[in-house]
Amino acid sequence: MITFDQLIPLYRSIAFSDDGTEGRLTIRDHSVLETVRELDASERASEDAAIAFKDPVSLAQIGSSLDVSIGAPRSGLGQLALNLDALLASGRNRVQEPPRFYLIKDHFAYNDSPVIDGVHRYRTVLRFIHALKEAAAFLDPYQGEMLFLGPTRLAVPVNYRLADLQGVTPALVEEFEAFVFQKVHKDQKEAIASSTLVETCRATPEPDRFAHLLRNLREFVTKCYDSYRLFASEFSYEKIRSKAEEAIGDYASKIHRTFHDIQNQVLGIPVATVVVATQMKVAAECDVNFWANLAVALGATLFVVLLTFAVSNQIMTLSSIERDLTRQKTKLSSDYTVVSAEFLPLYGKLETRICMHSVALWGIGACCIAGVVLTWFIFAQLTTPKPWACF
């Protein structure tokens with residue numbers, strides 16, 4: 001049994017005619033010589049390889065040459081093609097890469113490395129076809145034809161040549177693969193890709209449709225994404241808008257309450273200031289004025305302590321609201337990427353409002369502390385006896 005990998009060194013050693021049907025084989029090494037003898041000795045191997053020797057093989061040795069005629073090897077063995085366009089003459093090869101092949105003009109075998117540009121683009125197109133199959137209603141891998149259902153039914157024969165592959169890049173194919181293989185709204189994306197292809201190709205004659213698609217692949221992928229954005233916006237916009245507005249209103253109410261709940265206590269600050277400033281008298285001994293000054297100072301201190309607890313509680317509440325707001329923003333950005341940009345500025349305004357309220361509360365706290373310090377300073381200035389001396 002001859003293998004295609006045994007034939008590849010022979011093909012590399014043949015100076016082929018222009019049509020690839022004849023050539024001059026130069027026996028360059030021992031392995032080529034052994035393969036030549038095996039083909040000459042086995043009729044079955046010769047038929048499988050489709051190589052016939054015009055010169056006596058018995059005289060062959062390393063360095064000698066033989067005239068040969070070359071045909072297509074058995075299909076199960078591998079494929080010999082003049083160039084990539086000849087390989088693509090088969091509809092099946094345009095849909096799936098053959099397991100083994102050799103390109104005469106390019107001196108390239110299926111397992112060679114590095115891969116030549118034409119074969120690299122060919123393999124990239126096969127990836128695109130594999131992704132496009134997700135959107136097709138039917139793909140015939142033997143005839144090389146796809147069927148798409150969109151505004152109308154459209155048959156797209158998978159016909160293309162090497163010249164049609166110049167605009168096909170791995171990055172562009174990866175972009176389309178990400179579109180059709182992503183699980184989110186997968187069915188809708190497949191329908192969008194099918195409809196977009198029908199719109200792109202229906203005005204083109206049937207044999208040229210796939211080549212036209214490849215030449216306009218950038219435009220096709222862009223339209224797929226644009227159509228999906230439109231679908232996603234129409235599908236979820238009202239729902240997202242309702243949820244976002246409800247959440248924003250709820251957060252605004254919570255932020256407002258952080259100040260509203262303590263506004264009565266805050267309004268007491270000016271009153272306390274007036275009381276401290278007007279009710280304290282000069283006390284030279286432990287008399288009524290002394291006890292009045294002490295009561296005012298203790299009352300102001302107690303007021304400040306209670307207000308400080310209230311302010312601290314509201315500051316912690318604002319911090320909790322801010323953390324929850326950040327989580328909601330992250331969820332909105334990840335779950336509704338298409339339309340999240342419209343609502344994120346509203347969340348930004350809420351964050352600004354939280355910042356302003358926090359600054360105000362911290363300012364109130366600072367004023368309270370400064371007030372109680374000032375109260376006891378005034379008490380010390382107006383009251384001569386030490387408080388403990390009067391008990």
# chains A, B, ... in the order shown; residues from 1 in each chain; ligands from 1
$ select_by_dssp --residues "segment 53-160 of chain A" --states "strand (DSSP E)" --output "list in words"
Phe53, Ser65, Leu66, Asp67, Val68, Ser69, Ile70, Gln79, Leu80, Ala81, Phe101, Tyr102, Leu103, Phe108, Ala109, Phe138, Leu139, Asp140, Glu145, Met146, Leu147, Phe148, Leu149, Arg153, Leu154, Ala155, Val156 and Pro157 of chain A
$ write_last_selection --atoms "C-alpha atoms" --output "short mmCIF file (atom, residue, chain, number, x, y, z; two decimals), in the first residue's frame"
data_model
loop_
_atom_site.label_atom_id
_atom_site.label_comp_id
_atom_site.auth_asym_id
_atom_site.auth_seq_id
_atom_site.Cartn_x
_atom_site.Cartn_y
_atom_site.Cartn_z
CA PHE A 53 7.27 5.60 -15.77
CA SER A 65 16.15 11.00 -13.98
CA LEU A 66 13.04 9.37 -15.36
CA ASP A 67 10.29 10.70 -17.59
CA VAL A 68 6.90 10.16 -15.94
CA SER A 69 3.25 10.78 -16.64
CA ILE A 70 1.15 11.91 -13.68
CA GLN A 79 -5.36 15.16 -4.04
CA LEU A 80 -2.82 16.51 -6.50
CA ALA A 81 -3.71 19.92 -7.94
CA PHE A 101 -3.17 17.50 -0.94
CA TYR A 102 -0.21 18.84 -2.89
CA LEU A 103 -0.12 22.04 -4.98
CA PHE A 108 3.18 23.08 -1.12
CA ALA A 109 1.89 20.02 0.74
CA PHE A 138 -29.15 24.05 4.76
CA LEU A 139 -25.60 23.34 3.58
CA ASP A 140 -24.82 20.64 1.02
CA GLU A 145 -24.33 25.07 -1.82
CA MET A 146 -26.05 26.94 1.03
CA LEU A 147 -29.70 27.87 1.42
CA PHE A 148 -30.73 30.97 3.39
CA LEU A 149 -34.16 32.11 4.50
CA ARG A 153 -35.45 32.20 -0.09
CA LEU A 154 -31.92 32.44 -1.50
CA ALA A 155 -29.55 29.74 -2.74
CA VAL A 156 -25.86 30.58 -2.49
CA PRO A 157 -23.45 28.23 -4.28
#
$ residues_around --residues "Asn93 of chain A" --least-positions-apart "6" --cutoff "10 Å" --atoms "only C-alpha atoms" --output "number ranges by chain"
A: 87, 99, 126, 141-144, 158
$ write_last_selection --atoms "all heavy atoms" --output "mmCIF file, in the first residue's frame"
data_model
loop_
_atom_site.group_PDB
_atom_site.id
_atom_site.type_symbol
_atom_site.label_atom_id
_atom_site.label_comp_id
_atom_site.auth_asym_id
_atom_site.auth_seq_id
_atom_site.Cartn_x
_atom_site.Cartn_y
_atom_site.Cartn_z
ATOM 1 N N LEU A 87 -7.520 23.163 -7.002
ATOM 2 C CA LEU A 87 -8.040 22.439 -5.841
ATOM 3 C C LEU A 87 -9.474 22.873 -5.544
ATOM 4 O O LEU A 87 -10.321 22.064 -5.153
ATOM 5 C CB LEU A 87 -7.148 22.695 -4.634
ATOM 6 C CG LEU A 87 -7.442 21.865 -3.374
ATOM 7 C CD1 LEU A 87 -7.047 20.405 -3.603
ATOM 8 C CD2 LEU A 87 -6.696 22.428 -2.173
ATOM 9 N N PRO A 99 -8.156 16.166 3.419
ATOM 10 C CA PRO A 99 -7.198 15.723 4.447
ATOM 11 C C PRO A 99 -5.747 15.805 3.976
ATOM 12 O O PRO A 99 -4.850 16.129 4.742
ATOM 13 C CB PRO A 99 -7.612 14.279 4.728
ATOM 14 C CG PRO A 99 -9.020 14.164 4.246
ATOM 15 C CD PRO A 99 -9.145 15.113 3.097
ATOM 16 N N LEU A 126 -12.656 28.890 5.092
ATOM 17 C CA LEU A 126 -13.341 27.691 5.586
ATOM 18 C C LEU A 126 -13.885 27.931 6.996
ATOM 19 O O LEU A 126 -14.979 27.452 7.335
ATOM 20 C CB LEU A 126 -12.384 26.493 5.587
ATOM 21 C CG LEU A 126 -11.929 26.003 4.211
ATOM 22 C CD1 LEU A 126 -10.998 24.813 4.361
ATOM 23 C CD2 LEU A 126 -13.122 25.632 3.339
ATOM 24 N N PRO A 141 -22.611 19.752 1.672
ATOM 25 C CA PRO A 141 -21.148 19.748 1.629
ATOM 26 C C PRO A 141 -20.585 19.113 0.363
ATOM 27 O O PRO A 141 -19.407 19.312 0.052
ATOM 28 C CB PRO A 141 -20.772 18.925 2.875
ATOM 29 C CG PRO A 141 -21.944 18.032 3.110
ATOM 30 C CD PRO A 141 -23.153 18.800 2.661
ATOM 31 N N TYR A 142 -21.383 18.350 -0.377
ATOM 32 C CA TYR A 142 -20.893 17.679 -1.576
ATOM 33 C C TYR A 142 -21.052 18.573 -2.807
ATOM 34 O O TYR A 142 -20.141 18.677 -3.630
ATOM 35 C CB TYR A 142 -21.634 16.359 -1.776
ATOM 36 C CG TYR A 142 -21.434 15.412 -0.610
ATOM 37 C CD1 TYR A 142 -22.404 15.289 0.387
ATOM 38 C CD2 TYR A 142 -20.274 14.671 -0.502
ATOM 39 C CE1 TYR A 142 -22.221 14.423 1.458
ATOM 40 C CE2 TYR A 142 -20.079 13.807 0.578
ATOM 41 C CZ TYR A 142 -21.051 13.690 1.562
ATOM 42 O OH TYR A 142 -20.850 12.857 2.631
ATOM 43 N N GLN A 143 -22.203 19.224 -2.922
ATOM 44 C CA GLN A 143 -22.422 20.142 -4.039
ATOM 45 C C GLN A 143 -21.867 21.528 -3.753
ATOM 46 O O GLN A 143 -21.707 22.339 -4.660
ATOM 47 C CB GLN A 143 -23.922 20.240 -4.351
ATOM 48 C CG GLN A 143 -24.552 18.945 -4.775
ATOM 49 C CD GLN A 143 -23.938 18.417 -6.057
ATOM 50 O OE1 GLN A 143 -23.599 19.176 -6.964
ATOM 51 N NE2 GLN A 143 -23.768 17.099 -6.130
ATOM 52 N N GLY A 144 -21.611 21.820 -2.450
ATOM 53 C CA GLY A 144 -21.082 23.132 -2.082
ATOM 54 C C GLY A 144 -22.113 24.227 -2.290
ATOM 55 O O GLY A 144 -21.862 25.200 -3.005
ATOM 56 N N VAL A 158 -21.384 27.844 -3.054
ATOM 57 C CA VAL A 158 -20.110 28.248 -2.457
ATOM 58 C C VAL A 158 -19.040 28.201 -3.543
ATOM 59 O O VAL A 158 -18.234 27.267 -3.626
ATOM 60 C CB VAL A 158 -19.743 27.347 -1.256
ATOM 61 C CG1 VAL A 158 -18.493 27.869 -0.563
ATOM 62 C CG2 VAL A 158 -20.895 27.283 -0.268
#
$ closest_atom_pairs --of "segment 94-140 of chain A" --to "segment 173-197 of chain A" --cutoff "6 Å" --atoms "only C-alpha atoms" --output "CSV"
residue,atom,partner,partner_atom,distance
A:Phe128,CA,A:Val173,CA,5.7
A:Ala131,CA,A:Glu177,CA,5.7
A:Ala135,CA,A:Glu190,CA,4.5
$ closest_residue --among "A:Ser113, A:Ser312, A:Ile248, A:Asp164" --to "Ala366 of chain A" --atoms "only C-alpha atoms"
A:Ser312
$ atom_distance --atom1 "atom CA of Tyr122 of chain A" --atom2 "atom CA of Gly23 of chain A"
27.5 Å
$ residues_around --residues "Asp250 of chain A" --least-positions-apart "6" --cutoff "12 Å" --atoms "only C-alpha atoms" --output "ChimeraX atom specification"
/A:243-244,256-257,321,324-325,347,350
$ closest_residue --among "A:Arg24, A:Arg44, A:His120, A:Arg323" --to "Tyr251 of chain A" --atoms "only C-alpha atoms"
A:Arg323
$ residues_around --residues "Thr124 of chain A" --least-positions-apart "3" --cutoff "10 Å" --atoms "only C-alpha atoms" --output "VMD selection string"
chain A and resid 118 to 121 127 to 130 165 168 to 174
$ write_last_selection --atoms "C-alpha atoms" --output "compact mmCIF listing (two decimals), in the first residue's frame"
# COMPACT_ATOMS: atom_id res chain seq x y z
CA GLY A 118 -3.09 31.50 -0.40
CA VAL A 119 -3.65 28.41 1.73
CA HIS A 120 -3.80 30.58 4.87
CA ARG A 121 -6.60 32.65 3.31
CA ARG A 127 -13.67 29.06 9.14
CA PHE A 128 -16.06 31.70 7.82
CA ILE A 129 -18.11 29.04 6.03
CA HIS A 130 -18.27 26.99 9.23
CA LEU A 165 -10.01 35.95 -0.91
CA VAL A 168 -10.78 37.98 3.95
CA THR A 169 -8.73 38.40 7.15
CA PRO A 170 -8.61 36.30 10.33
CA ALA A 171 -9.66 39.33 12.42
CA LEU A 172 -12.78 39.85 10.31
CA VAL A 173 -13.72 36.16 10.49
CA GLU A 174 -13.13 36.12 14.27
$ closest_residue --among "A:Leu307, A:Asn293, A:Lys349, A:Ile8" --to "Phe377 of chain A" --atoms "only C-alpha atoms"
A:Asn293
$ select_by_dssp --residues "segment 40-232 of chain A" --states "helix (DSSP H, G or I)" --output "PyMOL selection string"
chain A and resi 40-41+43-49+57-59+84-87+117-132+162-165+170-181+186-201+206-215+217-232
$ atom_distance --atom1 "atom CA of Thr21 of chain A" --atom2 "atom CA of Leu77 of chain A"
17.9 Å
